[in-house]
$ cat model_8.txt   # compact mmCIF, C-alpha atoms
# COMPACT_ATOMS: atom_id res chain seq x y z
CA MET A 1352 -8.05 41.06 60.68
CA ALA A 1353 -9.24 37.54 61.15
CA HIS A 1354 -6.42 35.52 62.58
CA HIS A 1355 -7.23 32.49 60.54
CA HIS A 1356 -7.29 33.32 56.92
CA ASP A 1357 -10.69 33.28 55.25
CA HIS A 1358 -10.66 30.34 52.93
CA ASP A 1359 -13.98 31.38 51.52
CA ASP A 1360 -13.05 30.68 47.97
CA HIS A 1361 -12.49 27.84 45.60
CA PRO A 1362 -8.77 27.47 45.10
CA HIS A 1363 -8.58 27.56 41.33
CA GLY A 1364 -11.08 30.17 40.25
CA THR A 1365 -12.25 28.03 37.35
CA HIS A 1366 -15.64 27.02 38.70
CA PRO A 1367 -18.81 28.18 37.02
CA ALA A 1368 -20.28 31.38 38.36
CA SER A 1369 -22.93 29.54 40.32
CA GLU A 1370 -20.21 28.09 42.54
CA LEU A 1371 -18.25 31.27 43.12
CA SER A 1372 -17.96 32.51 46.67
CA PRO A 1373 -19.55 35.81 47.68
CA MET A 1374 -16.09 37.37 47.83
CA GLU A 1375 -15.20 36.15 44.36
CA LEU A 1376 -18.43 37.60 42.98
CA ARG A 1377 -17.95 40.88 44.79
CA VAL A 1378 -14.42 41.30 43.45
CA ARG A 1379 -15.46 40.33 39.95
CA ALA A 1380 -18.16 42.98 40.06
CA LEU A 1381 -15.68 45.66 41.06
CA GLU A 1382 -13.11 44.55 38.53
CA SER A 1383 -15.56 44.42 35.64
CA ILE A 1384 -16.85 47.92 36.37
CA LEU A 1385 -13.37 49.39 36.73
CA VAL A 1386 -12.24 47.79 33.48
CA GLU A 1387 -15.43 48.66 31.61
CA LYS A 1388 -15.17 52.31 32.62
CA GLY A 1389 -11.57 52.41 31.47
CA TYR A 1390 -9.90 53.01 34.83
CA VAL A 1391 -8.01 49.73 34.82
CA ASP A 1392 -6.13 48.09 31.98
CA PRO A 1393 -6.54 44.29 32.32
CA ALA A 1394 -2.99 43.86 31.06
CA ALA A 1395 -1.74 45.97 33.98
CA LEU A 1396 -3.63 43.76 36.41
CA ASP A 1397 -2.07 40.66 34.93
CA ALA A 1398 1.40 42.21 35.00
CA LEU A 1399 1.04 43.31 38.61
CA ILE A 1400 -0.17 39.92 39.78
CA GLU A 1401 2.47 38.06 37.80
CA THR A 1402 5.25 40.30 39.12
CA TYR A 1403 4.37 39.88 42.77
CA GLU A 1404 3.27 36.27 42.58
CA THR A 1405 6.33 34.93 40.79
CA ARG A 1406 9.19 37.39 40.41
CA VAL A 1407 9.59 39.31 43.63
CA GLY A 1408 10.41 37.23 46.67
CA PRO A 1409 12.88 36.39 49.43
CA HIS A 1410 15.41 35.03 46.94
CA ASN A 1411 16.27 38.67 46.22
CA GLY A 1412 16.98 39.40 49.86
CA ALA A 1413 18.98 36.20 50.17
CA ARG A 1414 21.27 37.36 47.40
CA VAL A 1415 21.83 40.64 49.21
CA VAL A 1416 22.62 38.87 52.48
CA ALA A 1417 24.99 36.37 50.86
CA ARG A 1418 26.87 39.19 49.15
CA ALA A 1419 27.17 41.03 52.45
CA TRP A 1420 28.58 37.89 54.06
CA VAL A 1421 31.35 37.49 51.48
CA ASP A 1422 32.13 41.11 50.60
CA PRO A 1423 33.04 43.40 53.52
CA GLY A 1424 32.96 46.48 51.30
CA PHE A 1425 29.43 45.69 50.16
CA ARG A 1426 28.39 44.99 53.74
CA ALA A 1427 29.68 48.41 54.80
CA ARG A 1428 27.83 50.14 51.96
CA LEU A 1429 24.67 48.17 52.71
CA LEU A 1430 24.63 49.14 56.36
CA ALA A 1431 25.52 52.77 55.59
CA ASP A 1432 22.94 53.34 52.82
CA ALA A 1433 21.07 50.21 51.83
CA THR A 1434 19.06 51.45 48.85
CA PRO A 1435 21.97 52.22 46.47
CA ALA A 1436 23.88 49.17 47.73
CA MET A 1437 20.97 46.92 46.78
CA HIS A 1438 20.72 48.63 43.40
CA GLU A 1439 24.23 47.29 42.74
CA LEU A 1440 22.61 43.85 42.66
CA GLY A 1441 19.63 45.04 40.65
CA VAL A 1442 17.35 44.84 43.68
CA GLY A 1443 14.91 47.67 44.41
CA GLY A 1444 11.58 49.21 43.54
CA ARG A 1445 8.07 49.60 44.91
CA GLY A 1446 7.98 49.11 48.66
CA GLY A 1447 11.74 49.38 48.95
CA GLU A 1448 12.43 52.94 47.85
CA HIS A 1449 14.06 53.75 51.18
CA MET A 1450 15.74 50.67 52.59
CA VAL A 1451 17.45 50.29 55.94
CA VAL A 1452 19.43 47.16 56.78
CA VAL A 1453 20.09 46.33 60.42
CA ALA A 1454 22.74 43.78 61.32
CA ASN A 1455 22.41 41.13 63.99
CA THR A 1456 25.34 40.73 66.36
CA PRO A 1457 26.00 38.38 69.27
CA GLU A 1458 24.89 41.25 71.52
CA GLU A 1459 21.82 42.40 69.60
CA HIS A 1460 19.06 40.76 67.56
CA ASN A 1461 16.77 42.77 65.28
CA LEU A 1462 13.08 42.21 64.65
CA VAL A 1463 10.93 44.02 62.09
CA VAL A 1464 7.20 44.70 62.40
CA CYS A 1465 4.56 47.11 61.14
CA THR A 1466 2.06 47.59 63.95
CA LEU A 1467 -0.11 50.01 61.93
CA CYS A 1468 -0.54 48.07 58.69
CA SER A 1469 1.70 45.75 56.71
CA CYS A 1470 4.81 47.69 55.65
CA TYR A 1471 7.35 45.19 54.42
CA PRO A 1472 10.37 45.41 52.10
CA TRP A 1473 8.77 44.07 48.92
CA PRO A 1474 11.81 44.12 46.59
CA VAL A 1475 13.85 41.93 48.94
CA LEU A 1476 11.16 39.77 50.57
CA GLY A 1477 8.14 39.91 48.27
CA LEU A 1478 4.63 40.30 49.64
CA PRO A 1479 4.34 39.61 53.37
CA PRO A 1480 2.95 36.36 54.79
CA VAL A 1481 -0.44 36.44 56.48
CA TRP A 1482 1.02 36.18 59.99
CA TYR A 1483 3.09 39.34 59.43
CA LYS A 1484 -0.10 41.27 58.61
CA SER A 1485 -2.21 39.76 61.38
CA PRO A 1486 -3.06 41.05 64.87
CA PRO A 1487 -1.15 38.43 66.93
CA TYR A 1488 2.20 39.49 65.46
CA ARG A 1489 1.47 43.19 65.03
CA SER A 1490 0.20 43.56 68.59
CA ARG A 1491 2.89 41.65 70.44
CA ALA A 1492 6.16 42.09 68.52
CA VAL A 1493 6.63 45.43 70.26
CA ILE A 1494 5.58 44.41 73.78
CA ALA A 1495 6.64 40.77 74.01
CA PRO A 1496 9.23 40.10 71.30
CA ARG A 1497 10.84 37.17 73.09
CA ALA A 1498 7.51 35.45 73.52
CA VAL A 1499 6.77 36.02 69.84
CA LEU A 1500 10.15 34.61 68.81
CA ALA A 1501 9.49 31.56 70.99
CA GLU A 1502 6.36 30.92 68.90
CA PHE A 1503 8.68 30.71 65.89
CA GLY A 1504 10.85 28.25 67.80
CA LEU A 1505 13.56 30.83 68.35
CA THR A 1506 14.94 31.30 71.86
CA LEU A 1507 17.73 33.84 72.08
CA PRO A 1508 20.31 34.05 74.85
CA ALA A 1509 18.98 36.23 77.66
CA ALA A 1510 21.99 38.50 77.29
CA GLN A 1511 21.27 39.19 73.61
CA ARG A 1512 19.22 42.37 73.49
CA ILE A 1513 16.32 42.69 71.07
CA ARG A 1514 15.82 45.75 68.92
CA VAL A 1515 12.34 46.00 67.44
CA TRP A 1516 11.84 48.20 64.37
CA ASP A 1517 8.26 49.38 63.86
CA SER A 1518 7.91 50.44 60.21
CA THR A 1519 5.77 53.54 60.78
CA ALA A 1520 6.89 55.56 57.73
CA GLU A 1521 8.19 54.79 54.23
CA LEU A 1522 11.51 53.34 55.39
CA ARG A 1523 11.61 49.57 54.96
CA TYR A 1524 13.74 47.37 57.16
CA MET A 1525 15.61 44.18 56.42
CA VAL A 1526 17.62 42.22 58.96
CA LEU A 1527 21.14 41.13 58.04
CA PRO A 1528 21.49 37.87 59.98
CA MET A 1529 24.83 36.60 61.22
CA ARG A 1530 26.63 34.19 58.91
CA PRO A 1531 26.29 30.69 60.33
CA ALA A 1532 29.41 28.98 61.62
CA GLY A 1533 30.95 26.30 59.45
CA THR A 1534 30.10 28.01 56.15
CA GLU A 1535 33.61 29.19 55.26
CA GLU A 1536 33.81 26.86 52.27
CA LEU A 1537 30.47 27.83 50.75
CA ASP A 1538 30.23 30.06 47.71
CA GLU A 1539 27.73 32.88 47.36
CA PRO A 1540 24.83 30.90 45.84
CA ALA A 1541 25.24 28.20 48.49
CA LEU A 1542 25.21 30.83 51.19
CA ALA A 1543 22.10 32.44 49.71
CA ALA A 1544 20.34 29.08 50.02
CA LEU A 1545 20.81 29.28 53.80
CA VAL A 1546 19.05 32.63 54.08
CA THR A 1547 15.40 32.21 54.99
CA ARG A 1548 12.69 34.84 54.70
CA ASP A 1549 12.17 34.78 58.46
CA SER A 1550 15.88 35.34 59.10
CA MET A 1551 15.55 38.64 57.21
CA ILE A 1552 12.50 39.67 59.28
CA GLY A 1553 14.17 38.60 62.50
CA THR A 1554 11.71 35.85 63.41
CA GLY A 1555 14.24 33.19 62.47
CA LEU A 1556 17.91 32.44 61.91
CA PRO A 1557 19.60 31.25 58.72
CA LEU A 1558 19.76 27.54 58.10
CA THR A 1559 23.00 25.88 59.12
CA ALA A 1560 25.18 24.29 56.47
CA GLU A 1561 24.33 20.83 57.86
CA ARG A 1562 20.60 21.35 57.36
CA ILE A 1563 21.11 22.14 53.71
CA ALA A 1564 23.56 19.28 53.09
CA MET B 145 -7.05 57.75 64.07
CA ASN B 146 -7.36 55.57 67.13
CA GLY B 147 -8.75 52.75 65.03
CA GLY B 148 -8.54 49.02 64.76
CA GLN B 149 -5.27 49.24 62.85
CA ASP B 150 -3.25 50.61 65.78
CA LEU B 151 -2.40 47.27 67.34
CA GLY B 152 0.93 47.73 69.10
CA GLY B 153 0.77 46.46 72.67
CA MET B 154 -2.70 44.90 72.54
CA HIS B 155 -3.37 41.54 74.17
CA GLY B 156 -5.76 38.74 73.42
CA PHE B 157 -5.18 37.81 69.78
CA GLY B 158 -3.49 34.52 70.63
CA PRO B 159 -0.20 33.15 69.40
CA VAL B 160 1.35 33.89 66.02
CA ALA B 161 0.43 31.11 63.62
CA PRO B 162 2.92 30.84 60.76
CA GLU B 163 1.64 28.77 57.85
CA LYS B 164 4.04 26.24 56.40
CA ASP B 165 4.78 26.76 52.68
CA GLU B 166 2.35 29.62 52.57
CA PRO B 167 1.21 30.59 49.07
CA ARG B 168 1.58 34.21 47.97
CA PHE B 169 -2.19 34.46 47.64
CA HIS B 170 -4.85 32.22 49.18
CA ALA B 171 -7.58 32.73 46.61
CA GLU B 172 -7.99 34.05 43.12
CA TRP B 173 -9.96 37.05 44.36
CA GLU B 174 -7.05 38.11 46.57
CA LYS B 175 -4.85 38.46 43.50
CA ARG B 176 -7.45 40.56 41.76
CA VAL B 177 -7.90 42.84 44.78
CA PHE B 178 -4.15 43.28 45.05
CA GLY B 179 -3.87 44.19 41.38
CA LEU B 180 -6.89 46.48 41.42
CA ALA B 181 -5.67 48.36 44.48
CA MET B 182 -2.20 48.78 42.96
CA ALA B 183 -3.57 49.91 39.60
CA MET B 184 -6.13 52.32 41.06
CA GLY B 185 -3.49 53.66 43.44
CA LEU B 186 -1.68 54.97 40.39
CA SER B 187 -4.76 56.61 38.88
CA GLY B 188 -3.80 59.83 40.62
CA THR B 189 -7.20 60.07 42.28
CA TRP B 190 -5.76 59.29 45.71
CA ASN B 191 -2.43 58.23 47.18
CA LEU B 192 -0.94 55.50 49.35
CA ASP B 193 -1.63 57.37 52.58
CA ALA B 194 -5.26 57.89 51.59
CA SER B 195 -5.59 54.17 50.92
CA ARG B 196 -4.20 53.34 54.34
CA SER B 197 -6.59 55.87 55.83
CA ALA B 198 -9.55 54.29 54.01
CA ARG B 199 -8.61 50.84 55.36
CA GLU B 200 -8.25 51.97 58.95
CA ALA B 201 -11.53 53.88 58.74
CA LEU B 202 -13.36 50.56 58.85
CA PRO B 203 -15.03 50.19 62.26
CA PRO B 204 -12.60 48.39 64.60
CA GLY B 205 -14.84 45.36 64.97
CA GLU B 206 -15.00 44.95 61.22
CA TYR B 207 -11.31 45.66 60.69
CA LEU B 208 -10.27 43.06 63.22
CA THR B 209 -12.52 40.34 61.85
CA SER B 210 -11.81 40.89 58.16
CA SER B 211 -9.00 39.16 56.32
CA TYR B 212 -6.24 41.34 54.93
CA TYR B 213 -7.41 41.52 51.33
CA ALA B 214 -11.02 41.84 52.45
CA ILE B 215 -9.94 45.07 54.17
CA TRP B 216 -8.29 46.20 50.95
CA LEU B 217 -11.45 45.39 48.98
CA LYS B 218 -13.80 47.20 51.33
CA ALA B 219 -11.57 50.28 51.33
CA LEU B 220 -11.24 50.26 47.55
CA GLU B 221 -15.01 49.99 47.10
CA ARG B 222 -15.42 53.00 49.37
CA GLN B 223 -12.73 54.98 47.58
CA VAL B 224 -14.05 54.50 44.06
CA GLN B 225 -17.52 55.55 45.20
CA HIS B 226 -16.32 58.43 47.36
CA HIS B 227 -14.41 59.89 44.40
CA GLY B 228 -17.33 59.44 42.02
CA LEU B 229 -15.59 56.91 39.79
CA VAL B 230 -18.25 54.26 40.33
CA THR B 231 -21.81 54.56 41.59
CA PRO B 232 -23.39 52.23 44.17
CA GLU B 233 -25.87 51.14 41.50
CA GLU B 234 -23.06 50.15 39.17
CA LEU B 235 -21.48 48.03 41.87
CA SER B 236 -24.73 46.29 42.72
CA THR B 237 -25.84 45.73 39.12
CA CYS B 238 -22.36 45.01 37.78
CA THR B 239 -23.12 47.23 34.79
CA ALA B 240 -21.55 50.56 33.91
CA SER B 241 -24.42 53.03 33.66
CA ALA B 242 -22.77 56.34 34.53
CA PRO B 243 -20.14 58.04 32.37
CA ALA B 244 -16.53 57.51 33.41
CA ALA B 245 -15.04 60.29 35.50
CA PRO B 246 -11.69 61.64 34.38
CA VAL B 247 -8.64 60.14 36.08
CA LYS B 248 -5.10 61.47 35.83
CA ARG B 249 -3.67 58.25 34.50
CA VAL B 250 -4.50 54.71 33.58
CA LEU B 251 -1.65 52.33 34.35
CA ARG B 252 -0.86 50.33 31.23
CA GLY B 253 0.36 46.78 31.27
CA GLU B 254 3.60 47.63 29.53
CA GLU B 255 4.41 50.28 32.15
CA VAL B 256 4.23 47.98 35.16
CA ALA B 257 7.68 46.41 35.02
CA LEU B 258 9.59 49.66 34.71
CA LEU B 259 7.48 51.71 37.13
CA PHE B 260 7.47 49.12 39.89
CA ALA B 261 11.16 48.34 39.47
CA ARG B 262 11.85 52.04 39.87
CA GLY B 263 9.42 52.57 42.74
CA PHE B 264 7.81 55.72 44.02
CA PRO B 265 10.17 57.54 46.37
CA SER B 266 8.56 59.67 49.05
CA ASP B 267 11.58 61.69 50.14
CA ARG B 268 11.20 65.41 49.48
CA PRO B 269 13.31 68.48 50.14
CA VAL B 270 12.47 70.41 53.29
CA PRO B 271 13.67 74.02 53.36
CA ASP B 272 14.10 74.35 57.11
CA PRO B 273 16.93 72.69 59.03
CA ALA B 274 16.14 69.67 61.15
CA ARG B 275 14.97 70.63 64.62
CA PHE B 276 16.41 67.55 66.32
CA SER B 277 19.85 65.94 66.19
CA LEU B 278 21.29 62.52 66.88
CA GLY B 279 21.13 61.71 70.55
CA ASP B 280 18.44 64.26 71.41
CA ARG B 281 15.93 63.16 73.99
CA VAL B 282 12.44 63.82 72.65
CA ARG B 283 8.89 63.13 73.73
CA ALA B 284 6.32 61.71 71.35
CA ARG B 285 3.45 64.15 71.50
CA ARG B 286 0.11 63.21 72.99
CA ILE B 287 -1.94 63.55 69.84
CA ASN B 288 -5.23 61.88 69.00
CA PRO B 289 -6.19 63.03 65.51
CA VAL B 290 -9.42 61.63 64.12
CA GLY B 291 -7.73 61.46 60.72
CA HIS B 292 -4.78 59.41 59.53
CA THR B 293 -1.55 59.52 61.48
CA ARG B 294 1.51 57.29 61.71
CA LEU B 295 2.37 57.89 65.34
CA PRO B 296 1.24 54.72 67.10
CA ARG B 297 -0.61 55.09 70.38
CA TYR B 298 1.86 53.02 72.35
CA VAL B 299 4.63 55.62 72.05
CA ARG B 300 2.55 58.77 72.58
CA GLY B 301 3.66 60.67 75.64
CA HIS B 302 6.81 58.57 76.01
CA ILE B 303 10.40 59.76 75.92
CA GLY B 304 12.89 58.33 73.46
CA THR B 305 16.21 59.10 71.81
CA VAL B 306 16.76 60.30 68.26
CA GLU B 307 18.98 57.69 66.66
CA ALA B 308 18.72 58.68 63.00
CA VAL B 309 17.79 61.77 60.97
CA HIS B 310 16.52 60.69 57.57
CA GLY B 311 15.77 63.88 55.66
CA GLY B 312 12.45 65.18 54.42
CA PHE B 313 9.53 62.88 53.59
CA VAL B 314 5.90 63.28 52.55
CA PHE B 315 3.79 63.85 55.68
CA PRO B 316 1.13 61.14 55.75
CA ASP B 317 -1.32 63.03 57.96
CA THR B 318 -1.95 65.75 55.35
CA ASN B 319 -1.28 63.61 52.30
CA ALA B 320 -3.95 61.10 53.34
CA GLN B 321 -6.52 63.90 53.26
CA LEU B 322 -5.29 65.01 49.82
CA ALA B 323 -4.29 68.24 51.55
CA GLY B 324 -0.72 68.30 50.28
CA GLU B 325 2.53 66.45 50.82
CA ALA B 326 3.75 69.05 53.33
CA PRO B 327 7.08 67.24 53.75
CA GLN B 328 8.71 67.11 57.16
CA TRP B 329 11.92 65.81 58.64
CA LEU B 330 11.71 62.15 59.51
CA TYR B 331 13.58 60.61 62.43
CA THR B 332 14.11 57.25 64.00
CA VAL B 333 13.31 57.46 67.70
CA ARG B 334 14.25 54.62 70.00
CA PHE B 335 12.29 53.85 73.14
CA CYS B 336 13.43 51.61 75.97
CA GLY B 337 11.03 48.70 76.45
CA ARG B 338 10.71 49.45 80.11
CA ASP B 339 9.77 53.08 79.42
CA LEU B 340 6.95 51.93 77.16
CA TRP B 341 5.63 48.95 79.08
CA GLY B 342 6.75 49.38 82.68
CA ASP B 343 7.16 46.35 84.88
CA GLN B 344 5.56 44.12 82.28
CA ALA B 345 8.35 44.80 79.79
CA GLU B 346 10.50 41.88 78.78
CA PRO B 347 14.12 42.45 79.81
CA GLY B 348 16.56 43.93 77.32
CA HIS B 349 14.47 45.19 74.48
CA SER B 350 13.91 48.49 72.76
CA VAL B 351 11.48 49.66 70.09
CA SER B 352 12.32 52.14 67.36
CA VAL B 353 9.73 53.98 65.31
CA ASN B 354 10.01 56.42 62.43
CA ALA B 355 8.54 59.70 63.58
CA PHE B 356 7.85 62.92 61.71
CA GLU B 357 9.10 66.13 63.26
CA SER B 358 5.66 67.39 64.25
CA TYR B 359 5.08 64.18 66.21
CA LEU B 360 7.94 65.10 68.54
CA GLU B 361 8.63 67.73 71.17
CA ALA B 362 11.95 68.72 72.66
CA LEU B 363 12.87 67.89 76.22
CA GLU B 364 15.51 69.72 78.18
CA PRO B 365 18.63 70.15 76.04
CA GLU B 366 20.21 67.08 77.58
CA ARG B 367 22.20 64.94 75.16
CA ILE B 368 22.75 61.25 75.45
CA ALA B 369 26.13 60.20 74.14
$ encode --input "model_8.txt" --output "structure tokens"
Amino acid sequence: MAHHHDHDDHPHGTHPASELSPMELRVRALESILVEKGYVDPAALDALIETYETRVGPHNGARVVARAWVDPGFRARLLADATPAMHELGVGGRGGEHMVVVANTPEEHNLVVCTLCSCYPWPVLGLPPVWYKSPPYRSRAVIAPRAVLAEFGLTLPAAQRIRVWDSTAELRYMVLPMRPAGTEELDEPALAALVTRDSMIGTGLPLTAERIA
Amino acid sequence: MNGGQDLGGMHGFGPVAPEKDEPRFHAEWEKRVFGLAMAMGLSGTWNLDASRSAREALPPGEYLTSSYYAIWLKALERQVQHHGLVTPEELSTCTASAPAAPVKRVLRGEEVALLFARGFPSDRPVPDPARFSLGDRVRARRINPVGHTRLPRYVRGHIGTVEAVHGGFVFPDTNAQLAGEAPQWLYTVRFCGRDLWGDQAEPGHSVSVNAFESYLEALEPERIA
């Protein structure tokens, strides 16, 4: 895949047909045929796009992480069998049917990748960012994880081992980051606000309480 | 297949370039391709593994120079034609001229929320007991199928340790060819970075993959605690 995303399209899709990009025209052709022949319900298209553009995203994963930070029983259930534990919070579905949560410790940091395509835990993180699906990350996360993390501005202690999880089947991985120091007074929603998408992939750490305040 | 999708361990793509405040989609057409691929994926004409197979069947040069949703689009165009749902003429003229072929289902708008919240589990019962146990040392087989497989090249031939036994799951290699789900035991196998990459390995890292039973062969009955 091209490393730099193809911006070969007008951003709003409201231009007259004469100004549409070749890709826009090509997709419109396919869509109109599939709809005209009755294979695709336009309402289903709209519902799918709306769901994954606006409803499903890292805020779901952040809620799971924050709950695990405050509730030891939930944390234990989450690490033992993540899918039903997440269902307790109403989180689950397509792309997260078989969830595995791996916990960071001072000794071990976890990093999630899909070298073969773009497997990513949709219900907790939403659709993956372009970099996650692109060759630089997919090629090097397994061979040079520390160098990759450095490109995200994350340098781990040399003594902290790195465990890379390559999502080669239908299991989907989420990292449970360590709770930042100095957050003892924060309630669950405030904790969730510290949990970044990248901290649940393993390419980042949660925000510190100071950075939020 | 040993295609452009099997990227683990390759060099030369440059640094990772995260985009600040990245939008969920970068163009209107990307949304439409996403929705079309999801909707057609539920038509019952093919399955998720077949879609992955269609994407990685793009020639490596094309795969590696196409954006993500462009790969999805090209694969979807191939799939609808391959299965006789749409003719090349219809695509080029943008007019339906051939009768619609029967599909098993048409996803309706009102079904989306419930179906996608429930998901589509791929675990299946397997009658036979698992061949491997926690702690077993196993070797990833040296296989090079021309069809779809989920055993990445960088682990083939290498020795790892079984660190989880997950139960039975749909076997992608057969399912992608619409030749049956043929469920197999699925394992997590952990490889030491140094075993995979030799002297070039970074210190202190391991890589775990999910591997189907037929991807693995037993070593001597040595157990690692």
$ residues_around --input "model_8.txt" --residues "range 1474-1478 of chain A" --least-positions-apart "4" --cutoff "9 Å" --atoms "all atoms listed in the file" --output "NGL selection string"
(:A and (1403-1404 or 1406-1415 or 1437 or 1442-1448 or 1525 or 1548 or 1551-1552)) or (:B and (168 or 261))
$ residues_near_point --input "model_8.txt" --point "(5.1, 40.1, 60.8)" --cutoff "9 Å" --atoms "all atoms listed in the file" --output "CSV table (one decimal) with C-alpha atoms, keeping the file's coordinate frame"
chain,number,residue,atom,x,y,z
A,1463,VAL,CA,10.9,44.0,62.1
A,1464,VAL,CA,7.2,44.7,62.4
A,1465,CYS,CA,4.6,47.1,61.1
A,1466,THR,CA,2.1,47.6,64.0
A,1469,SER,CA,1.7,45.8,56.7
A,1471,TYR,CA,7.4,45.2,54.4
A,1479,PRO,CA,4.3,39.6,53.4
A,1480,PRO,CA,3.0,36.4,54.8
A,1481,VAL,CA,-0.4,36.4,56.5
A,1482,TRP,CA,1.0,36.2,60.0
A,1483,TYR,CA,3.1,39.3,59.4
A,1484,LYS,CA,-0.1,41.3,58.6
A,1485,SER,CA,-2.2,39.8,61.4
A,1487,PRO,CA,-1.2,38.4,66.9
A,1488,TYR,CA,2.2,39.5,65.5
A,1489,ARG,CA,1.5,43.2,65.0
A,1492,ALA,CA,6.2,42.1,68.5
A,1552,ILE,CA,12.5,39.7,59.3
A,1554,THR,CA,11.7,35.8,63.4
B,160,VAL,CA,1.4,33.9,66.0
$ residues_around --input "model_8.txt" --residues "Leu235 in chain B" --least-positions-apart "2" --cutoff "10 Å" --atoms "all atoms listed in the file" --output "list in words"
Arg1377, Val1378, Arg1379, Ala1380, Leu1381, Glu1382, Ser1383, Ile1384 and Leu1385 of chain A; Glu221, Gln225, Val230, Thr231, Pro232, Glu233, Thr237, Cys238, Thr239 and Ala240 of chain B
$ closest_residue --input "model_8.txt" --among "A:Leu1467, A:Asn1461, A:Lys1388, A:Ala1417" --to "Asp150 in chain B" --atoms "only C-alpha atoms"
A:Leu1467
$ residues_around --input "model_8.txt" --residues "Gly228 in chain B" --least-positions-apart "6" --cutoff "10 Å" --atoms "only C-alpha atoms" --output "MDAnalysis selection string"
chainID B and resid 222 242 244:246
$ closest_residue --input "model_8.txt" --among "A:Val1452, A:Leu1558, A:Ala1419, A:Ala1501" --to "chain B" --atoms "only C-alpha atoms"
A:Ala1501
$ atom_distance --input "model_8.txt" --atom1 "CA of Gly179 in chain B" --atom2 "CA of Pro265 in chain B"
20.0 Å
$ atom_distance --input "model_8.txt" --atom1 "CA of Ala257 in chain B" --atom2 "CA of Ala1398 in chain A"
7.6 Å
$ residues_near_point --input "model_8.txt" --point "(11.7, 55.5, 51.6)" --cutoff "9 Å" --atoms "all atoms listed in the file" --output "PyMOL selection string"
(chain A and resi 1434+1446-1451+1520-1523) or (chain B and resi 264-267+313)
$ write_last_selection --input "model_8.txt" --atoms "C-alpha atoms" --output "PDB file, in the coordinates of the input"
ATOM      1  CA  THR A1434      19.060  51.450  48.850  1.00  0.00           C
ATOM      2  CA  GLY A1446       7.980  49.110  48.660  1.00  0.00           C
ATOM      3  CA  GLY A1447      11.740  49.380  48.950  1.00  0.00           C
ATOM      4  CA  GLU A1448      12.430  52.940  47.850  1.00  0.00           C
ATOM      5  CA  HIS A1449      14.060  53.750  51.180  1.00  0.00           C
ATOM      6  CA  MET A1450      15.740  50.670  52.590  1.00  0.00           C
ATOM      7  CA  VAL A1451      17.450  50.290  55.940  1.00  0.00           C
ATOM      8  CA  ALA A1520       6.890  55.560  57.730  1.00  0.00           C
ATOM      9  CA  GLU A1521       8.190  54.790  54.230  1.00  0.00           C
ATOM     10  CA  LEU A1522      11.510  53.340  55.390  1.00  0.00           C
ATOM     11  CA  ARG A1523      11.610  49.570  54.960  1.00  0.00           C
TER      12      ARG A1523
ATOM     13  CA  PHE B 264       7.810  55.720  44.020  1.00  0.00           C
ATOM     14  CA  PRO B 265      10.170  57.540  46.370  1.00  0.00           C
ATOM     15  CA  SER B 266       8.560  59.670  49.050  1.00  0.00           C
ATOM     16  CA  ASP B 267      11.580  61.690  50.140  1.00  0.00           C
ATOM     17  CA  PHE B 313       9.530  62.880  53.590  1.00  0.00           C
TER      18      PHE B 313
END
$ closest_residue --input "model_8.txt" --among "B:Gly185, B:Gly279, B:Gly253, B:Pro289" --to "Glu1401 in chain A" --atoms "only C-alpha atoms"
B:Gly253
$ closest_residue --input "model_8.txt" --among "B:Glu254, B:Gly311, B:Ile287, B:His302" --to "Pro271 in chain B" --atoms "only C-alpha atoms"
B:Gly311
$ closest_residue --input "model_8.txt" --among "B:Ala362, B:Ala201, B:Leu220, B:Ile215" --to "Ala181 in chain B" --atoms "all atoms listed in the file"
B:Leu220
$ atom_distance --input "model_8.txt" --atom1 "CA of Gln328 in chain B" --atom2 "CA of Leu360 in chain B"
11.6 Å
$ closest_residue --input "model_8.txt" --among "A:Trp1516, A:Glu1439, A:Arg1428, A:Leu1500" --to "chain B" --atoms "all atoms listed in the file"
A:Trp1516
$ axis_aligned_box --input "model_8.txt" --around "range 339-356 of chain B" --padding-each-side "3 Å" --output "AutoDock Vina command-line options"
--center_x 11.1 --center_y 52.4 --center_z 73.3 --size_x 17.0 --size_y 27.0 --size_z 29.2
$ build_atoms --input "model_8.txt" --residues "range 1384-1389 of chain A" --atoms "N, CA and C atoms" --output "PDB file, keeping the file's coordinate frame"
ATOM      1  N   ILE A1384     -16.461  46.507  36.501  1.00  0.00           N
ATOM      2  CA  ILE A1384     -16.850  47.920  36.370  1.00  0.00           C
ATOM      3  C   ILE A1384     -15.626  48.805  36.120  1.00  0.00           C
ATOM      4  N   LEU A1385     -14.566  48.552  36.880  1.00  0.00           N
ATOM      5  CA  LEU A1385     -13.370  49.390  36.730  1.00  0.00           C
ATOM      6  C   LEU A1385     -12.749  49.228  35.347  1.00  0.00           C
ATOM      7  N   VAL A1386     -12.789  48.015  34.827  1.00  0.00           N
ATOM      8  CA  VAL A1386     -12.240  47.790  33.480  1.00  0.00           C
ATOM      9  C   VAL A1386     -13.173  48.395  32.432  1.00  0.00           C
ATOM     10  N   GLU A1387     -14.467  48.162  32.610  1.00  0.00           N
ATOM     11  CA  GLU A1387     -15.430  48.660  31.610  1.00  0.00           C
ATOM     12  C   GLU A1387     -15.392  50.180  31.515  1.00  0.00           C
ATOM     13  N   LYS A1388     -15.196  50.840  32.643  1.00  0.00           N
ATOM     14  CA  LYS A1388     -15.170  52.310  32.620  1.00  0.00           C
ATOM     15  C   LYS A1388     -13.797  52.859  32.233  1.00  0.00           C
ATOM     16  N   GLY A1389     -12.855  51.969  31.998  1.00  0.00           N
ATOM     17  CA  GLY A1389     -11.570  52.410  31.470  1.00  0.00           C
ATOM     18  C   GLY A1389     -10.563  52.854  32.505  1.00  0.00           C
TER      19      GLY A1389
END
